file structure-v1.txt (compact mmCIF, C-alpha atoms)
# COMPACT_ATOMS: atom_id res chain seq x y z
CA MET A 1 17.41 91.16 45.77
CA SER A 2 18.85 93.47 48.40
CA THR A 3 17.30 93.78 51.84
CA ARG A 4 16.37 97.38 51.02
CA ASP A 5 14.13 96.14 48.18
CA MET A 6 12.26 93.71 50.44
CA THR A 7 8.62 94.28 51.13
CA VAL A 8 6.88 93.20 54.31
CA SER A 9 5.48 90.13 52.56
CA ASP A 10 8.98 89.22 51.34
CA VAL A 11 10.28 89.38 54.89
CA GLU A 12 7.37 87.25 56.11
CA ARG A 13 8.00 84.67 53.43
CA LEU A 14 11.72 84.62 54.21
CA THR A 15 11.08 84.25 57.93
CA SER A 16 8.68 81.36 57.43
CA ALA A 17 11.10 79.67 55.03
CA ILE A 18 13.92 79.98 57.55
CA ASP A 19 11.70 78.52 60.25
CA GLU A 20 10.99 75.61 57.94
CA THR A 21 14.71 74.87 57.61
CA ALA A 22 14.91 73.69 61.21
CA PHE A 23 15.88 70.04 60.90
CA THR A 24 13.74 67.26 62.25
CA MET A 25 16.75 65.85 64.08
CA THR A 26 17.60 67.69 67.28
CA GLU A 27 21.08 69.12 67.78
CA GLU A 28 21.72 66.73 70.65
CA ALA A 29 20.74 63.68 68.58
CA PHE A 30 22.83 64.94 65.69
CA ARG A 31 25.91 65.44 67.86
CA ALA A 32 25.65 61.90 69.18
CA PHE A 33 25.08 60.47 65.70
CA TYR A 34 27.97 62.49 64.26
CA ASP A 35 30.35 61.36 67.00
CA ARG A 36 29.43 57.75 66.29
CA THR A 37 29.77 57.93 62.51
CA ALA A 38 32.05 60.77 61.38
CA ARG A 39 35.35 58.89 61.48
CA SER A 40 33.94 55.93 59.58
CA VAL A 41 32.35 58.11 56.92
CA TRP A 42 35.50 60.18 56.58
CA ALA A 43 37.68 57.07 56.19
CA TYR A 44 35.23 55.70 53.62
CA LEU A 45 35.38 58.97 51.68
CA VAL A 46 39.17 59.06 51.85
CA ARG A 47 39.42 55.59 50.38
CA LEU A 48 36.67 56.28 47.86
CA THR A 49 38.05 59.55 46.54
CA GLY A 50 41.73 59.05 47.30
CA ASP A 51 41.87 62.62 48.58
CA PRO A 52 41.65 63.53 52.29
CA ALA A 53 40.95 67.21 51.51
CA MET A 54 38.05 66.26 49.29
CA ALA A 55 36.86 63.84 51.96
CA ASP A 56 36.74 66.77 54.42
CA ASP A 57 34.46 68.74 52.10
CA LEU A 58 32.27 65.79 51.24
CA LEU A 59 31.90 64.87 54.89
CA GLN A 60 30.35 68.23 55.69
CA ASP A 61 28.14 68.01 52.62
CA ALA A 62 27.05 64.47 53.47
CA TYR A 63 25.82 65.47 56.93
CA TYR A 64 24.08 68.55 55.54
CA ARG A 65 22.21 66.48 52.98
CA PHE A 66 21.42 63.90 55.58
CA LEU A 67 19.87 66.56 57.80
CA ARG A 68 18.00 68.16 54.91
CA ALA A 69 16.58 64.82 53.81
CA ASP A 70 14.57 64.77 57.06
CA ALA A 71 13.91 61.09 56.51
CA THR A 72 12.55 58.85 59.23
CA HIS A 73 14.74 55.88 60.02
CA GLU A 74 13.70 52.56 61.45
CA SER A 75 16.98 52.01 63.28
CA GLU A 76 20.49 53.29 63.84
CA ALA A 77 21.73 50.92 61.11
CA HIS A 78 19.19 52.32 58.67
CA ARG A 79 20.24 55.87 59.52
CA ARG A 80 23.89 54.95 59.10
CA ASN A 81 23.24 53.29 55.74
CA THR A 82 21.42 56.38 54.53
CA LEU A 83 24.46 58.45 55.44
CA PHE A 84 26.81 56.09 53.61
CA LYS A 85 24.54 56.15 50.58
CA ILE A 86 24.65 59.95 50.54
CA ALA A 87 28.44 59.84 50.93
CA THR A 88 28.73 57.37 48.04
CA ASN A 89 26.62 59.56 45.77
CA LEU A 90 28.62 62.65 46.69
CA ALA A 91 31.91 60.89 45.95
CA ARG A 92 30.49 59.73 42.62
CA ASP A 93 29.33 63.27 41.75
CA ALA A 94 32.68 64.71 42.78
CA HIS A 95 34.38 62.21 40.52
CA ARG A 96 32.17 63.23 37.60
CA ARG A 97 32.89 66.91 38.21
CA ARG A 98 36.63 66.43 38.53
CA ARG A 99 37.54 63.88 35.93
CA VAL A 100 41.06 65.28 35.84
CA MET A 101 41.61 63.57 39.16
CA PRO A 102 40.87 59.86 39.08
CA PHE A 103 38.15 58.68 41.44
CA PHE A 104 40.72 56.38 42.89
CA ALA A 105 43.94 58.26 42.85
CA SER A 106 46.71 56.48 40.95
CA GLU A 107 49.21 57.26 43.67
CA PRO A 108 48.73 56.36 47.30
CA VAL A 109 47.52 59.17 49.44
CA ASP A 110 49.57 60.27 52.40
CA VAL A 111 46.92 60.02 55.05
CA PRO A 112 48.36 61.65 58.17
CA SER A 113 52.10 61.12 58.31
CA ARG A 114 53.21 58.61 60.90
CA GLU A 115 56.96 58.49 60.94
CA ASP A 116 57.06 56.21 63.97
CA ALA A 117 54.88 53.65 62.34
CA ALA A 118 56.90 52.90 59.23
CA GLY A 119 55.84 49.28 58.98
CA GLN A 120 52.20 50.15 59.33
CA PHE A 121 52.61 52.94 56.80
CA GLU A 122 54.13 50.56 54.23
CA ARG A 123 51.33 48.06 54.70
CA SER A 124 48.76 50.79 54.38
CA THR A 125 50.46 52.08 51.25
CA ASP A 126 50.21 48.63 49.70
CA VAL A 127 46.55 48.45 50.57
CA THR A 128 46.00 51.93 49.19
CA ARG A 129 47.70 50.98 45.93
CA ALA A 130 45.63 47.84 45.65
CA LEU A 131 42.42 49.71 46.43
CA ASN A 132 43.30 52.40 43.92
CA ALA A 133 43.67 49.80 41.22
CA LEU A 134 40.12 48.55 41.77
CA LYS A 135 36.98 49.96 40.22
CA PRO A 136 35.21 52.53 42.43
CA ARG A 137 32.32 50.21 43.08
CA GLU A 138 34.63 47.34 44.03
CA ARG A 139 36.51 49.59 46.40
CA ALA A 140 33.33 50.81 48.04
CA MET A 141 31.99 47.28 48.26
CA LEU A 142 35.07 45.85 49.97
CA TRP A 143 35.22 48.77 52.36
CA LEU A 144 31.58 48.44 53.33
CA ALA A 145 31.87 44.68 53.75
CA TYR A 146 35.12 44.50 55.70
CA ALA A 147 35.67 47.90 57.27
CA GLU A 148 32.04 48.62 58.10
CA GLY A 149 30.80 45.06 58.46
CA SER A 150 27.77 45.77 56.28
CA SER A 151 25.52 42.92 55.19
CA HIS A 152 24.87 42.15 51.53
CA GLN A 153 21.50 43.84 51.79
CA GLU A 154 23.02 46.97 53.31
CA ILE A 155 25.75 47.07 50.65
CA ALA A 156 23.09 46.75 47.95
CA GLY A 157 21.15 49.63 49.48
CA VAL A 158 24.17 51.91 49.76
CA LEU A 159 25.57 51.21 46.30
CA GLY A 160 22.27 50.88 44.47
CA VAL A 161 22.81 47.35 43.18
CA LYS A 162 20.64 44.26 43.49
CA THR A 163 21.11 42.30 46.70
CA GLY A 164 21.49 39.12 44.67
CA SER A 165 24.42 40.59 42.74
CA VAL A 166 26.43 41.56 45.82
CA LYS A 167 27.76 38.06 46.44
CA LEU A 168 29.20 37.76 42.95
CA LEU A 169 30.51 41.35 42.85
CA LEU A 170 32.12 40.93 46.25
CA PHE A 171 33.69 37.65 45.17
CA ARG A 172 35.22 39.31 42.10
CA ALA A 173 36.41 42.32 44.07
CA ARG A 174 38.09 40.07 46.64
CA ARG A 175 39.77 38.07 43.91
CA ARG A 176 41.13 41.20 42.25
CA MET A 177 42.32 42.72 45.48
CA ALA A 178 43.97 39.49 46.58
CA ALA A 179 45.81 39.30 43.26
CA LEU A 180 46.84 42.96 43.58
CA LEU A 181 48.19 42.30 47.05
CA GLY A 182 50.40 39.63 45.60
CA ARG A 183 48.34 36.57 46.35
CA PRO A 184 47.88 34.64 43.09
CA ALA A 185 44.27 33.96 42.25
CA LYS A 186 43.47 30.30 42.67
CA PRO A 187 40.36 28.59 41.40
CA ALA A 188 37.67 28.26 44.04
CA LYS A 189 37.74 24.82 45.51
CA GLY A 190 34.64 22.72 45.45
CA GLY A 191 33.19 23.58 42.05
CA ALA A 192 33.84 23.27 38.36
CA GLN A 193 35.47 26.31 36.74
CA MET B 1 30.36 26.69 37.96
CA THR B 2 32.51 28.82 40.25
CA ARG B 3 31.68 28.61 43.93
CA LEU B 4 31.01 32.08 45.32
CA ASP B 5 30.90 31.42 49.02
CA CYS B 6 31.91 28.94 51.67
CA PRO B 7 30.05 27.99 54.85
CA HIS B 8 33.20 28.80 56.87
CA GLU B 9 33.45 32.37 55.58
CA ALA B 10 31.48 33.82 58.50
CA ASP B 11 33.72 32.04 61.02
CA VAL B 12 36.85 33.37 59.32
CA LEU B 13 35.41 36.88 59.24
CA MET B 14 34.44 36.68 62.90
CA MET B 15 37.99 35.59 63.82
CA VAL B 16 39.45 38.50 61.86
CA THR B 17 37.11 41.14 63.23
CA THR B 18 37.64 40.00 66.81
CA GLY B 19 41.40 40.06 66.35
CA GLN B 20 41.79 36.31 66.85
CA TRP B 21 43.03 35.54 63.34
CA PRO B 22 45.28 33.63 62.84
CA ASP B 23 46.99 32.97 66.19
CA ARG B 24 43.95 32.29 68.31
CA ALA B 25 41.84 30.65 65.62
CA PRO B 26 40.99 26.92 65.94
CA ALA B 27 43.48 24.67 64.17
CA GLU B 28 40.71 23.13 62.01
CA LEU B 29 39.73 26.54 60.73
CA ARG B 30 43.32 27.43 59.90
CA GLU B 31 43.68 24.14 58.03
CA HIS B 32 40.46 24.84 56.14
CA VAL B 33 41.61 28.32 55.14
CA ALA B 34 44.92 26.92 53.92
CA ALA B 35 42.98 24.68 51.55
CA CYS B 36 40.03 26.95 50.62
CA SER B 37 40.85 29.86 48.32
CA LEU B 38 37.52 31.58 49.09
CA CYS B 39 38.20 31.67 52.81
CA ALA B 40 41.84 32.57 52.19
CA ASP B 41 40.69 35.60 50.20
CA VAL B 42 38.22 36.58 52.91
CA ALA B 43 40.88 36.27 55.62
CA LEU B 44 43.43 38.28 53.66
CA ILE B 45 41.13 41.06 52.46
CA ALA B 46 39.22 41.42 55.71
CA GLN B 47 42.47 41.61 57.65
CA VAL B 48 44.16 44.23 55.47
CA ILE B 49 41.06 46.38 55.08
CA GLU B 50 40.23 46.31 58.74
CA GLU B 51 43.79 47.25 59.59
CA ASP B 52 43.75 50.01 56.99
CA ALA B 53 40.40 51.30 58.22
CA GLY B 54 41.73 51.53 61.76
CA TRP B 55 44.76 53.35 60.46
CA VAL B 56 42.80 55.86 58.36
CA ARG B 57 40.28 56.50 61.14
CA GLY B 58 43.09 56.87 63.63
CA SER B 59 41.39 54.38 65.90
CA ASN B 60 44.19 51.80 66.00
CA GLN B 61 45.67 50.93 69.35
CA ASP B 62 49.05 52.28 68.20
CA ALA B 63 49.49 55.53 70.13
CA THR B 64 51.91 56.92 67.55
CA MET B 65 49.08 57.30 65.05
CA PRO B 66 47.28 60.60 65.45
CA ALA B 67 43.56 60.62 64.72
CA PRO B 68 42.43 62.74 61.75
CA GLN B 69 41.31 66.23 62.67
CA LEU B 70 37.62 66.28 61.87
CA PRO B 71 35.34 69.24 62.55
CA SER B 72 33.38 68.95 65.77
CA ALA B 73 29.72 67.94 65.72
CA GLY B 74 28.81 71.46 66.85
CA THR B 75 30.69 73.03 63.96
CA VAL B 76 29.06 70.74 61.41
CA TRP B 77 25.62 71.43 62.92
CA TRP B 78 26.19 75.17 62.88
CA ARG B 79 27.40 75.12 59.28
CA ALA B 80 24.43 73.01 58.25
CA GLN B 81 22.04 75.47 59.89
CA LEU B 82 23.76 78.37 58.15
CA ARG B 83 23.65 76.66 54.79
CA ALA B 84 19.99 75.73 55.25
CA ARG B 85 19.18 79.37 55.89
CA GLN B 86 21.12 80.46 52.83
CA ASP B 87 19.31 77.88 50.71
CA ALA B 88 15.99 78.99 52.12
CA ALA B 89 16.75 82.63 51.36
CA LYS B 90 17.67 81.64 47.79
CA ALA B 91 14.48 79.62 47.41
CA VAL B 92 12.38 82.53 48.64
CA GLY B 93 14.10 84.92 46.27
CA ARG B 94 13.63 82.64 43.26
CA PRO B 95 9.91 83.37 42.51
CA ILE B 96 10.67 87.09 42.74
CA THR B 97 13.52 86.65 40.30
CA VAL B 98 11.20 84.80 37.89
CA ALA B 99 8.65 87.59 38.13
CA GLN B 100 11.37 90.17 37.60
CA GLY B 101 12.65 88.27 34.56
CA ALA B 102 9.19 88.03 33.02
CA LEU B 103 8.58 91.72 33.69
CA LEU B 104 11.90 92.59 32.09
CA ALA B 105 10.99 90.57 29.00
CA VAL B 106 7.57 92.28 28.72
CA VAL B 107 9.04 95.76 29.22
CA GLY B 108 11.74 94.99 26.66
CA GLY B 109 9.13 93.79 24.17
CA VAL B 110 6.87 96.83 24.65
CA ALA B 111 9.81 99.25 24.44
CA GLY B 112 10.96 97.56 21.24
CA ALA B 113 7.48 97.75 19.74
CA VAL B 114 7.10 101.46 20.61
CA PHE B 115 10.56 102.21 19.28
CA GLY B 116 9.83 100.29 16.08
CA ALA B 117 6.47 101.97 15.55
CA THR B 118 7.72 105.53 16.07
CA THR B 119 11.15 105.57 14.44
CA GLY B 120 11.28 106.17 10.71
CA TRP B 121 14.86 105.11 10.06
CA PHE B 122 14.34 101.92 12.04
CA GLN B 123 11.27 101.09 9.95
CA SER B 124 13.19 101.56 6.72
CA VAL B 125 16.01 99.37 8.02
CA LEU B 126 13.44 96.82 9.10
CA GLN B 127 11.79 96.90 5.66
CA ARG B 128 15.14 96.36 3.96
CA GLY B 129 15.87 93.55 6.38
CA TRP B 130 12.44 92.09 5.85
CA GLY B 131 12.98 92.14 2.08
CA GLY B 132 16.34 90.41 2.54
CA ILE B 133 14.82 87.79 4.77
CA LYS B 134 12.02 87.19 2.24
CA VAL B 135 14.58 86.67 -0.50
CA ALA B 136 16.64 84.37 1.70
CA ALA B 137 13.56 82.53 2.84
CA SER B 138 12.43 81.93 -0.74
CA THR B 139 15.62 79.95 -1.31
CA ILE B 140 14.77 77.60 1.52
CA HIS B 141 12.82 74.60 0.39
CA LEU B 142 11.04 72.92 3.21
CA PRO B 143 10.75 69.15 2.75
CA THR B 144 7.27 68.00 1.89
CA LEU B 145 5.66 65.14 3.69
CA PRO B 146 4.29 62.83 0.99
CA SER B 147 2.14 60.86 3.40
CA LEU B 148 0.17 63.95 4.42
CA ALA B 149 -2.55 65.01 2.02
CA VAL B 150 -2.46 68.59 3.29
CA ASP B 151 -1.96 71.46 0.91
CA THR B 152 1.07 73.34 2.24
CA THR B 153 1.68 75.59 -0.73
CA GLY B 154 -0.03 78.49 1.02
CA LEU B 155 2.47 78.28 3.87
CA ALA B 156 5.26 79.50 1.60
CA ASP B 157 3.90 83.03 1.90
CA TYR B 158 4.39 82.90 5.64
CA ARG B 159 7.89 81.43 5.62
CA ALA B 160 9.61 84.73 6.43
CA GLY B 161 7.07 85.37 9.17
CA PHE B 162 7.84 82.03 10.77
CA ILE B 163 11.55 82.79 10.72
CA ILE B 164 10.99 86.19 12.35
CA ILE B 165 8.79 84.64 15.02
CA GLY B 166 11.42 81.98 15.67
CA ILE B 167 14.20 84.53 16.04
CA GLY B 168 11.99 86.66 18.28
CA ALA B 169 11.13 83.69 20.50
CA ALA B 170 14.79 82.74 20.77
CA LEU B 171 15.71 86.32 21.72
CA ALA B 172 12.93 86.48 24.29
CA MET B 173 14.10 83.20 25.81
CA ALA B 174 17.67 84.48 25.88
CA VAL B 175 16.54 87.62 27.73
CA VAL B 176 14.59 85.55 30.27
CA MET B 177 17.51 83.14 30.73
CA TRP B 178 19.86 86.06 31.27
CA ALA B 179 17.51 87.58 33.83
CA LEU B 180 17.15 84.28 35.67
CA ARG B 181 20.74 83.16 35.73
CA GLU B 182 21.68 82.23 39.28
CA ASP B 183 24.91 84.12 39.61
CA ARG B 184 23.33 87.46 38.74
CA THR B 185 24.27 90.03 41.33
call {"tool": "encode", "arguments": {"input": "structure-v1.txt", "output": "structure tokens"}}
result
Amino acid sequence: MSTRDMTVSDVERLTSAIDETAFTMTEEAFRAFYDRTARSVWAYLVRLTGDPAMADDLLQDAYYRFLRADATHESEAHRRNTLFKIATNLARDAHRRRRVMPFFASEPVDVPSREDAAGQFERSTDVTRALNALKPRERAMLWLAYAEGSSHQEIAGVLGVKTGSVKLLLFRARRRMAALLGRPAKPAKGGAQ
Amino acid sequence: MTRLDCPHEADVLMMVTTGQWPDRAPAELREHVAACSLCADVALIAQVIEEDAGWVRGSNQDATMPAPQLPSAGTVWWRAQLRARQDAAKAVGRPITVAQGALLAVVGGVAGAVFGATTGWFQSVLQRGWGGIKVAASTIHLPTLPSLAVDTTGLADYRAGFIIIGIGAALAMAVVMWALREDRT
């Protein structure tokens, strides 16, 4: 429909629809929230997708969807969890759309080059390799637990699993990652195997 | 049964997240971790992931690590506003597109009917086609449902009609789908 074909009622409808798109969150509140969360969400997306460029796109999309959701949040933590849930779903959808590229890239991603920090880079490369070898859910779970400090309940909410299952899933993910990092898996002390 | 957690896990995690692990951690806790594989896993994984997270975010203390260049909050807000307006404009245009599609289908149907009713050669072609379809349809044997005590023998006369109606409905749906496709310019 070109603008020339628009009737007065079309223009009225369009105007009212545009007015309705104003987000519940104010720009000031959004800026503050973005500044507090963007780096964490971006890092999460980088590790989830294995692709910094894709993380850039998904970051923008995640905030847009967050704003469009117009949900009311009980607390900052709740708001943050909603954002991480959106980011997780976007990464999952992106993975489904682009099956040619593994969700967790098989090769470590060169997240900004840091020539002067060779030791750090090597360590990070090892971690990246280990993370890439995990299942997407395991990767997300470990990241949320240890990079974001999320509780079991929050992890369950973000990943859409039962809270009761998080302990076991986290245990398995830790075991796998520890083995991938070169620490042989030992039986847990204090219980029968 | 495998033990899934240890009461000292939280202490280990706290030491790691506050940067006190392992040097500034209490000796008892270090001894415990050396003996407890659960806490050893927590200490190892929490340490490497936290370090990696700081590295990816660019928030580590190491000044040689540049922070990733993320768009500013203002840019993200502005883009979100723009996209919301575009989505709204699309949503407003959608009912009009549906109406246009339906109108197109009706006009196409009426034009076809008028053309069919007024064109001699088309009618003869249609008759030949109709005859062919009747012949083809007579070769189709619809399965009978033994459990139903309904006399379906009379339906055989309408078989060709059903096929025509089916093809017509499919064509009409195709026309509507074409008219409604999102990328139409």
call {"tool": "residues_around", "arguments": {"input": "structure-v1.txt", "residues": "region 32-42 of chain A", "least_positions_apart": "3", "cutoff": "10 Å", "atoms": "only C-alpha atoms", "output": "PyMOL selection string"}}
result
(chain A and resi 27-29+45-48+52+54-60+62-63+76+79-80+83-84+87-88+147-148) or (chain B and resi 53-54+56-59+67-74+76-77)
call {"tool": "write_last_selection", "arguments": {"input": "structure-v1.txt", "atoms": "C-alpha atoms", "output": "CSV table (one decimal), keeping the file's coordinate frame"}}
result
chain,number,residue,atom,x,y,z
A,27,GLU,CA,21.1,69.1,67.8
A,28,GLU,CA,21.7,66.7,70.6
A,29,ALA,CA,20.7,63.7,68.6
A,45,LEU,CA,35.4,59.0,51.7
A,46,VAL,CA,39.2,59.1,51.8
A,47,ARG,CA,39.4,55.6,50.4
A,48,LEU,CA,36.7,56.3,47.9
A,52,PRO,CA,41.6,63.5,52.3
A,54,MET,CA,38.0,66.3,49.3
A,55,ALA,CA,36.9,63.8,52.0
A,56,ASP,CA,36.7,66.8,54.4
A,57,ASP,CA,34.5,68.7,52.1
A,58,LEU,CA,32.3,65.8,51.2
A,59,LEU,CA,31.9,64.9,54.9
A,60,GLN,CA,30.4,68.2,55.7
A,62,ALA,CA,27.0,64.5,53.5
A,63,TYR,CA,25.8,65.5,56.9
A,76,GLU,CA,20.5,53.3,63.8
A,79,ARG,CA,20.2,55.9,59.5
A,80,ARG,CA,23.9,55.0,59.1
A,83,LEU,CA,24.5,58.4,55.4
A,84,PHE,CA,26.8,56.1,53.6
A,87,ALA,CA,28.4,59.8,50.9
A,88,THR,CA,28.7,57.4,48.0
A,147,ALA,CA,35.7,47.9,57.3
A,148,GLU,CA,32.0,48.6,58.1
B,53,ALA,CA,40.4,51.3,58.2
B,54,GLY,CA,41.7,51.5,61.8
B,56,VAL,CA,42.8,55.9,58.4
B,57,ARG,CA,40.3,56.5,61.1
B,58,GLY,CA,43.1,56.9,63.6
B,59,SER,CA,41.4,54.4,65.9
B,67,ALA,CA,43.6,60.6,64.7
B,68,PRO,CA,42.4,62.7,61.8
B,69,GLN,CA,41.3,66.2,62.7
B,70,LEU,CA,37.6,66.3,61.9
B,71,PRO,CA,35.3,69.2,62.6
B,72,SER,CA,33.4,69.0,65.8
B,73,ALA,CA,29.7,67.9,65.7
B,74,GLY,CA,28.8,71.5,66.8
B,76,VAL,CA,29.1,70.7,61.4
B,77,TRP,CA,25.6,71.4,62.9
call {"tool": "interface_residues", "arguments": {"input": "structure-v1.txt", "of": "chain B", "to": "chain A", "cutoff": "9 Å", "atoms": "only C-alpha atoms", "output": "CSV table (one decimal) with C-alpha atoms, in the frame of the given file"}}
result
chain,number,residue,atom,x,y,z
B,1,MET,CA,30.4,26.7,38.0
B,2,THR,CA,32.5,28.8,40.2
B,3,ARG,CA,31.7,28.6,43.9
B,4,LEU,CA,31.0,32.1,45.3
B,5,ASP,CA,30.9,31.4,49.0
B,13,LEU,CA,35.4,36.9,59.2
B,17,THR,CA,37.1,41.1,63.2
B,35,ALA,CA,43.0,24.7,51.6
B,36,CYS,CA,40.0,27.0,50.6
B,37,SER,CA,40.8,29.9,48.3
B,38,LEU,CA,37.5,31.6,49.1
B,41,ASP,CA,40.7,35.6,50.2
B,42,VAL,CA,38.2,36.6,52.9
B,44,LEU,CA,43.4,38.3,53.7
B,45,ILE,CA,41.1,41.1,52.5
B,46,ALA,CA,39.2,41.4,55.7
B,47,GLN,CA,42.5,41.6,57.6
B,48,VAL,CA,44.2,44.2,55.5
B,49,ILE,CA,41.1,46.4,55.1
B,50,GLU,CA,40.2,46.3,58.7
B,51,GLU,CA,43.8,47.2,59.6
B,52,ASP,CA,43.8,50.0,57.0
B,53,ALA,CA,40.4,51.3,58.2
B,54,GLY,CA,41.7,51.5,61.8
B,55,TRP,CA,44.8,53.4,60.5
B,56,VAL,CA,42.8,55.9,58.4
B,57,ARG,CA,40.3,56.5,61.1
B,58,GLY,CA,43.1,56.9,63.6
B,59,SER,CA,41.4,54.4,65.9
B,62,ASP,CA,49.0,52.3,68.2
B,64,THR,CA,51.9,56.9,67.6
B,65,MET,CA,49.1,57.3,65.0
B,66,PRO,CA,47.3,60.6,65.4
B,67,ALA,CA,43.6,60.6,64.7
B,68,PRO,CA,42.4,62.7,61.8
B,70,LEU,CA,37.6,66.3,61.9
B,71,PRO,CA,35.3,69.2,62.6
B,72,SER,CA,33.4,69.0,65.8
B,73,ALA,CA,29.7,67.9,65.7
B,74,GLY,CA,28.8,71.5,66.8
B,76,VAL,CA,29.1,70.7,61.4
B,77,TRP,CA,25.6,71.4,62.9
B,79,ARG,CA,27.4,75.1,59.3
B,80,ALA,CA,24.4,73.0,58.2
B,81,GLN,CA,22.0,75.5,59.9
B,83,ARG,CA,23.6,76.7,54.8
B,84,ALA,CA,20.0,75.7,55.2
B,85,ARG,CA,19.2,79.4,55.9
B,86,GLN,CA,21.1,80.5,52.8
B,87,ASP,CA,19.3,77.9,50.7
B,88,ALA,CA,16.0,79.0,52.1
B,89,ALA,CA,16.8,82.6,51.4
B,91,ALA,CA,14.5,79.6,47.4
B,92,VAL,CA,12.4,82.5,48.6
B,93,GLY,CA,14.1,84.9,46.3
B,96,ILE,CA,10.7,87.1,42.7
B,97,THR,CA,13.5,86.6,40.3
B,185,THR,CA,24.3,90.0,41.3
call {"tool": "atom_distance", "arguments": {"input": "structure-v1.txt", "atom1": "CA of Glu9 (chain B)", "atom2": "CA of Leu29 (chain B)"}}
result
10.0 Å
call {"tool": "atom_distance", "arguments": {"input": "structure-v1.txt", "atom1": "CA of Met141 (chain A)", "atom2": "CA of Ile155 (chain A)"}}
result
6.7 Å
call {"tool": "atom_distance", "arguments": {"input": "structure-v1.txt", "atom1": "CA of Met177 (chain B)", "atom2": "CA of Leu126 (chain B)"}}
result
25.9 Å
call {"tool": "closest_residue", "arguments": {"input": "structure-v1.txt", "among": "A:His73, A:Gly50, A:Ala140, A:Ala133", "to": "Asn89 (chain A)", "atoms": "all atoms listed in the file"}}
result
A:Ala140
call {"tool": "residues_near_point", "arguments": {"input": "structure-v1.txt", "point": "(11.8, 91.6, 18.9)", "cutoff": "7 Å", "atoms": "all atoms listed in the file", "output": "list in words"}}
result
Gly109, Gly112 and Gly168 of chain B
call {"tool": "build_atoms", "arguments": {"input": "structure-v1.txt", "residues": "region 174-178 of chain A", "atoms": "all heavy atoms", "output": "short mmCIF file (atom, residue, chain, number, x, y, z; two decimals), keeping the file's coordinate frame"}}
result
data_model
loop_
_atom_site.label_atom_id
_atom_site.label_comp_id
_atom_site.auth_asym_id
_atom_site.auth_seq_id
_atom_site.Cartn_x
_atom_site.Cartn_y
_atom_site.Cartn_z
N ARG A 174 37.11 40.72 45.75
CA ARG A 174 38.09 40.07 46.64
C ARG A 174 39.20 39.43 45.83
O ARG A 174 40.37 39.53 46.17
CB ARG A 174 37.37 38.99 47.47
CG ARG A 174 36.79 39.45 48.76
CD ARG A 174 36.52 38.29 49.69
NE ARG A 174 35.90 37.15 49.05
CZ ARG A 174 34.61 36.83 49.16
NH1 ARG A 174 33.80 37.58 49.87
NH2 ARG A 174 34.13 35.76 48.56
N ARG A 175 38.79 38.74 44.76
CA ARG A 175 39.77 38.07 43.91
C ARG A 175 40.79 39.08 43.35
O ARG A 175 42.00 38.85 43.38
CB ARG A 175 39.05 37.41 42.71
CG ARG A 175 38.57 36.02 43.00
CD ARG A 175 39.74 35.10 42.96
NE ARG A 175 39.62 34.02 43.91
CZ ARG A 175 39.31 32.77 43.58
NH1 ARG A 175 39.08 32.48 42.33
NH2 ARG A 175 39.25 31.85 44.50
N ARG A 176 40.25 40.18 42.85
CA ARG A 176 41.13 41.20 42.25
C ARG A 176 42.07 41.80 43.30
O ARG A 176 43.25 41.97 43.07
CB ARG A 176 40.30 42.32 41.62
CG ARG A 176 39.64 41.91 40.31
CD ARG A 176 39.24 43.12 39.51
NE ARG A 176 40.41 43.90 39.11
CZ ARG A 176 40.37 45.17 38.73
NH1 ARG A 176 39.23 45.81 38.71
NH2 ARG A 176 41.46 45.80 38.38
N MET A 177 41.50 42.09 44.43
CA MET A 177 42.32 42.72 45.48
C MET A 177 43.39 41.75 45.98
O MET A 177 44.54 42.14 46.21
CB MET A 177 41.41 43.15 46.63
CG MET A 177 42.18 43.73 47.79
SD MET A 177 41.82 45.44 48.06
CE MET A 177 42.85 45.80 49.46
N ALA A 178 43.01 40.49 46.12
CA ALA A 178 43.97 39.49 46.58
C ALA A 178 45.12 39.37 45.58
O ALA A 178 46.30 39.30 45.97
CB ALA A 178 43.28 38.14 46.77
#
